[in-house]
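This report refers to the structure that appears directly beneath it.
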Amino acid sequence: MVRIKMNNTTYLDTQNQRESNARSYPRRIPIAIDKAEGIYVTDVEGNTYYDCLAGAGTLALGHNHPVVIEAIEEIVHNKRPLHTLDITTPMKEEFVSEIFDSLPEEFAKRAKIQFCGPTGSDAIEAALKLVKTATGRGGMLSFQGGYHGMTNGALSMMGNIGPKQQVPNLMPDVQFMPYPYSYRCPFGLGGDLGSKVSSTYIERAITNPEGGIVKPAGMVMEMVQGEGGAVPAPIEWVQEMRRITKEQDIPLILDEVQTGIGRTGKMFAFEHAGITPDVLVLSKAIGGTLPLSVVIHDEKLDKWGPGAHSGTFRGNQMAIAAGTATIRYVKENNLEEHAENMGAQLMNRLKQTQAETSSIGDVRGRGLMIGVEVVNMQQEADTLGSYPEHPDLAKQIQKECFNRGLILELGGRFGSVIRFLPPLIITEEQVNEISNIFHEAVRAAEQSLTAQMA
């Protein structure tokens, strides 16, 4: 069969005709990808881009890493089972051992693992059912700015109200707590004081007999809010959340779908705070680029019966093999430390751009999970010195980056945060090249805006 070569526009037009209106990324990243390797993707027209979206953080080792390809080929060439439901295999047991060996000993020695459907959303649903079954309670605590997926329960706990407005009858009894976000502090305080007020408010809201909140089944929290704009939780605040939930016998569920496996400079982001969660939700990087999700939880919560949570594709052996290879490679090559170092370098370069331009209000993150908040400095700042968000300019910066060969995604409040999620294998030279492109793009976007206003 002869393959007819088409350009990006032709593919995008065809996609537009046949795919649902719910598609999202092609609206902002208008290409058809033909090849991919490492940190690079190449479209059907031969244009190559730096990929700092990386499957929304899925591609820890980048595209088509040799150890991942080798793991997949081993499964296929040796006629290993591809699909086993939750029947175990040697490969599956190897994966579990690799995951447990990666966890802090205090958590691992009491851990149980549940394989879920192939998405992080399904793992979140499993975590909800787990804690509700174990505690006999119904309510949940979530956070403003949080993101946990698009299924019914996960969507119910999302901070962003946009995707929820057109979906009636979401899961009831979800209470949203204030997440410490220094640049846009919910209390108008910022810094350590804002964080302290947040934890004090949450503790009193939970324990106040007149506070209106019935004791919940669990608290769901991100160590770094990803879709919420790469907002890292202060370490002391995280430790307070663990103290409060432990004292109140409320299971703490950490959503590390995006932060797990080295992304933030530790194998798991909760290690920065030295805490032990009750439940850990993992997906994205643990499948080594292929679909996989798991819930790891304290054995005390293992109160559900056979079949309480199932999924046809929880036995995806290629994903398990690729995930094992990825986790092992990250550990053997100290990629978590490398992510911390490269993240610090990238953060410094982005802060230089912030100082030399007039539209960046905040640069923040942890490891290789960084957000740049685009603001309108032509308007008045609030009492914290924070300027209003500028989503139109953020889109223009994203477009200018794309035109120069750099793929980035937007997120955060009002879509004004440009997010950096490059593969963990990124080099110092690539960090510098990406930083240069971004700097040029910000300059160009600002000049374009000035010209439009003239």
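Scheme for the structure tokens: letters A, B, ... for chains in order shown; per-chain residue numbers from 1; ligand numbers from 1 in order shown.
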
Discussion item. Please return, as a ChimeraX atom specification, all residues of range 201-364 of chain A that DSSP assigns to alpha helix (DSSP H) on the basis of the backbone.
Written reply: /A:201-207,235-247,317-332,335-356

Worksheet entry | Non-local contacts of range 219-234 of chain A (7 Å; only C-alpha atoms; under 6 positions in same chain excluded) as an MDAnalysis selection string | chainID A and resid 140:143 145:147 180:181 250:256 269:270 364:366 369:371 411:413 417 419

Saved selection, atoms kept: C-alpha atoms, as a PDB file, in the first residue's frame:
```pdb
ATOM      1  CA  MET A 140     -14.429  14.133  50.228  1.00  0.00           C
ATOM      2  CA  LEU A 141     -12.071  17.068  50.703  1.00  0.00           C
ATOM      3  CA  SER A 142     -10.418  18.512  47.616  1.00  0.00           C
ATOM      4  CA  PHE A 143      -8.624  21.759  46.800  1.00  0.00           C
ATOM      5  CA  GLY A 145      -7.113  24.619  41.653  1.00  0.00           C
ATOM      6  CA  GLY A 146      -6.970  20.835  41.842  1.00  0.00           C
ATOM      7  CA  TYR A 147      -7.200  18.495  38.866  1.00  0.00           C
ATOM      8  CA  PRO A 180      -1.575  27.828  49.192  1.00  0.00           C
ATOM      9  CA  TYR A 181      -0.773  29.799  46.037  1.00  0.00           C
ATOM     10  CA  ILE A 250      -9.014  11.051  57.482  1.00  0.00           C
ATOM     11  CA  PRO A 251      -7.148   9.059  54.806  1.00  0.00           C
ATOM     12  CA  LEU A 252      -4.775  11.264  52.815  1.00  0.00           C
ATOM     13  CA  ILE A 253      -4.793  10.500  49.081  1.00  0.00           C
ATOM     14  CA  LEU A 254      -1.878  11.939  47.140  1.00  0.00           C
ATOM     15  CA  ASP A 255      -2.487  12.326  43.419  1.00  0.00           C
ATOM     16  CA  GLU A 256       0.980  11.851  41.913  1.00  0.00           C
ATOM     17  CA  ALA A 269       6.973  14.296  45.289  1.00  0.00           C
ATOM     18  CA  PHE A 270       5.733  13.524  48.809  1.00  0.00           C
ATOM     19  CA  ARG A 364       7.529  28.617  40.018  1.00  0.00           C
ATOM     20  CA  GLY A 365       7.576  24.856  40.207  1.00  0.00           C
ATOM     21  CA  ARG A 366       9.535  21.898  41.472  1.00  0.00           C
ATOM     22  CA  MET A 369       7.490  20.802  36.471  1.00  0.00           C
ATOM     23  CA  ILE A 370       7.552  24.569  36.012  1.00  0.00           C
ATOM     24  CA  GLY A 371       4.928  27.237  35.411  1.00  0.00           C
ATOM     25  CA  GLY A 411      -2.877  25.822  32.186  1.00  0.00           C
ATOM     26  CA  GLY A 412      -3.633  27.503  35.459  1.00  0.00           C
ATOM     27  CA  ARG A 413      -6.217  30.104  36.356  1.00  0.00           C
ATOM     28  CA  VAL A 417       0.234  29.834  32.875  1.00  0.00           C
ATOM     29  CA  ARG A 419       3.797  24.990  31.559  1.00  0.00           C
TER      30      ARG A 419
END
```

Discussion item. Can you measure CA of Asn47 in chain A to CA of Asn21 in chain A for me? One decimal in Å is fine.
Written reply: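 Taking CA of Asn47 in chain A as the start and CA of Asn21 in chain A as the end point, the length is 26.6 Å.
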
Worksheet item: Which residues come within 8 Å of Val295 in chain A, counting only C-alpha atoms, excluding same-chain residues fewer than 2 positions away, as an NGL selection string?
Response: :A and (113-116 or 123-124 or 126-127 or 279-282 or 293 or 297)

Practice prompt. Using DSSP on the backbone coordinates, identify the residues of range 34-242 of chain A assigned to strand (DSSP E); present them as a PyMOL selection string.
Written response: chain A and resi 34-37+40-43+48-51+111-115+140-143+174-177+218-221+224-225+231-232

Discussion item. One decimal, in Å: what's the spacing between CA of Leu290 in chain A and CA of Gly265 in chain A?
Written reply: 22.4 Å

Worksheet item: Looking at A:Asp13, A:Glu409, A:Glu125, A:Asp382, which one is nearest to Tyr183 in chain A, with distances taken over only C-alpha atoms?
Response: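 Of A:Asp13, A:Glu409, A:Glu125, A:Asp382, the one nearest Tyr183 in chain A, counting only C-alpha atoms, is A:Asp382.
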
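The spacing separating CA of Val330 in chain A from CA of Leu368 in chain A amounts to 13.9 Å.
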
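The list of residues with at least one atom within 8 Å of Asp34 in chain A, based on only C-alpha atoms and without residues fewer than 6 positions apart in the same chain, reads Val41, Thr42, Asp43 and Val44 of chain A.
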
For range 53-67 of chain A: contacts at 8 Å, only C-alpha atoms, fewer than 6 positions along chain excluded, given as a PDB file with C-alpha atoms, in the first residue's frame:
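The file below, result.pdb, is the result:
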```pdb
ATOM      1  CA  ALA A  36       9.493  11.211  17.561  1.00  0.00           C
ATOM      2  CA  GLU A  37      12.742  10.542  19.406  1.00  0.00           C
ATOM      3  CA  GLY A  38      13.971  11.753  22.772  1.00  0.00           C
ATOM      4  CA  ILE A  39      12.842  15.318  23.373  1.00  0.00           C
ATOM      5  CA  TYR A  40      12.033  15.904  19.691  1.00  0.00           C
ATOM      6  CA  GLN A 258       1.905  13.816  37.035  1.00  0.00           C
ATOM      7  CA  ILE A 261       8.726   8.868  39.029  1.00  0.00           C
ATOM      8  CA  ARG A 263       9.490  14.577  37.898  1.00  0.00           C
ATOM      9  CA  LYS A 284       1.474   8.549  33.253  1.00  0.00           C
ATOM     10  CA  ALA A 285       5.225   7.831  33.652  1.00  0.00           C
ATOM     11  CA  GLY A 288       6.822   3.887  30.265  1.00  0.00           C
ATOM     12  CA  THR A 289       4.752   5.812  27.629  1.00  0.00           C
ATOM     13  CA  ALA A 322       7.856  -0.575  29.689  1.00  0.00           C
ATOM     14  CA  ALA A 325      12.240  -0.515  32.434  1.00  0.00           C
ATOM     15  CA  THR A 326      11.510   3.189  32.905  1.00  0.00           C
ATOM     16  CA  TYR A 329      16.393   3.454  34.327  1.00  0.00           C
ATOM     17  CA  ILE A 407       5.848  22.862  22.058  1.00  0.00           C
ATOM     18  CA  LEU A 408       4.446  24.075  25.379  1.00  0.00           C
ATOM     19  CA  GLU A 409       0.997  23.883  26.945  1.00  0.00           C
ATOM     20  CA  ARG A 419       3.797  24.990  31.559  1.00  0.00           C
ATOM     21  CA  PHE A 420       7.134  23.234  31.086  1.00  0.00           C
ATOM     22  CA  LEU A 421       7.057  19.408  31.361  1.00  0.00           C
ATOM     23  CA  PRO A 422      10.092  18.212  29.362  1.00  0.00           C
ATOM     24  CA  PRO A 423      11.357  14.623  29.523  1.00  0.00           C
ATOM     25  CA  LEU A 424      13.670  13.926  32.467  1.00  0.00           C
ATOM     26  CA  ILE A 425      16.512  13.147  30.036  1.00  0.00           C
TER      27      ILE A 425
END
```

Worksheet item: So which residues touch range 346-354 of chain A within 10 Å, counting only C-alpha atoms, skipping near sequence neighbours fewer than 3 positions away, as a ChimeraX atom specification?
Response: /A:340-343,357-374,420,428,430-432,434-436,438-440,442-443

Next, the residues of the selection above should be written as a compact mmCIF listing (two decimals), in the first residue's frame with C-alpha atoms.
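Result file is part.txt:
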```txt
# COMPACT_ATOMS: atom_id res chain seq x y z
CA GLU A 340 16.20 18.73 40.07
CA ASN A 341 19.39 20.15 38.57
CA MET A 342 17.95 20.75 35.11
CA GLY A 343 14.82 22.22 36.67
CA THR A 357 10.46 41.42 29.86
CA SER A 358 7.21 42.97 31.06
CA SER A 359 4.59 40.22 31.12
CA ILE A 360 5.72 37.50 33.53
CA GLY A 361 4.32 37.74 37.02
CA ASP A 362 5.64 34.52 38.53
CA VAL A 363 8.00 31.63 37.77
CA ARG A 364 7.53 28.62 40.02
CA GLY A 365 7.58 24.86 40.21
CA ARG A 366 9.54 21.90 41.47
CA GLY A 367 12.09 19.94 39.47
CA LEU A 368 11.06 19.69 35.82
CA MET A 369 7.49 20.80 36.47
CA ILE A 370 7.55 24.57 36.01
CA GLY A 371 4.93 27.24 35.41
CA VAL A 372 5.36 30.76 34.04
CA GLU A 373 2.39 32.99 34.84
CA VAL A 374 1.64 35.59 32.17
CA PHE A 420 7.13 23.23 31.09
CA GLU A 428 21.93 21.28 29.83
CA GLN A 430 18.73 21.65 25.44
CA VAL A 431 17.65 23.65 28.49
CA ASN A 432 19.64 26.61 27.19
CA ILE A 434 14.66 26.01 24.94
CA SER A 435 15.22 29.01 27.22
CA ASN A 436 16.52 31.07 24.31
CA PHE A 438 11.13 31.07 24.99
CA HIS A 439 12.87 34.40 25.59
CA GLU A 440 12.57 35.32 21.90
CA VAL A 442 8.02 36.41 24.86
CA ARG A 443 9.74 39.39 23.26
```

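In this comparison, which uses only C-alpha atoms, the residue of A:Ile99, A:Ile397, A:Val197, A:Ile244 approaching Met267 in chain A most closely is A:Ile99.
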
Discussion item. Can you pull out the residues contacting Asp302 in chain A? Cut-off 10 Å, using only C-alpha atoms, and skip same-chain residues under 3 positions away; I want them as a list in words.
Written reply: Ala111, Lys112, Ile113, Gln114, Leu130, Val131, Thr133, Ala134, His297, Asp298, Glu299 and Gly305 of chain A

Fill in: Which of A:Arg137, A:Lys92, A:His338, A:Arg242 sits closest to Gln317 in chain A [using only C-alpha atoms]
A:Lys92

Worksheet item: Pick from A:Tyr201, A:Tyr11, A:Phe100, A:Tyr387: nearest to Ser416 in chain A, with only C-alpha atoms counted?
Response: A:Tyr387
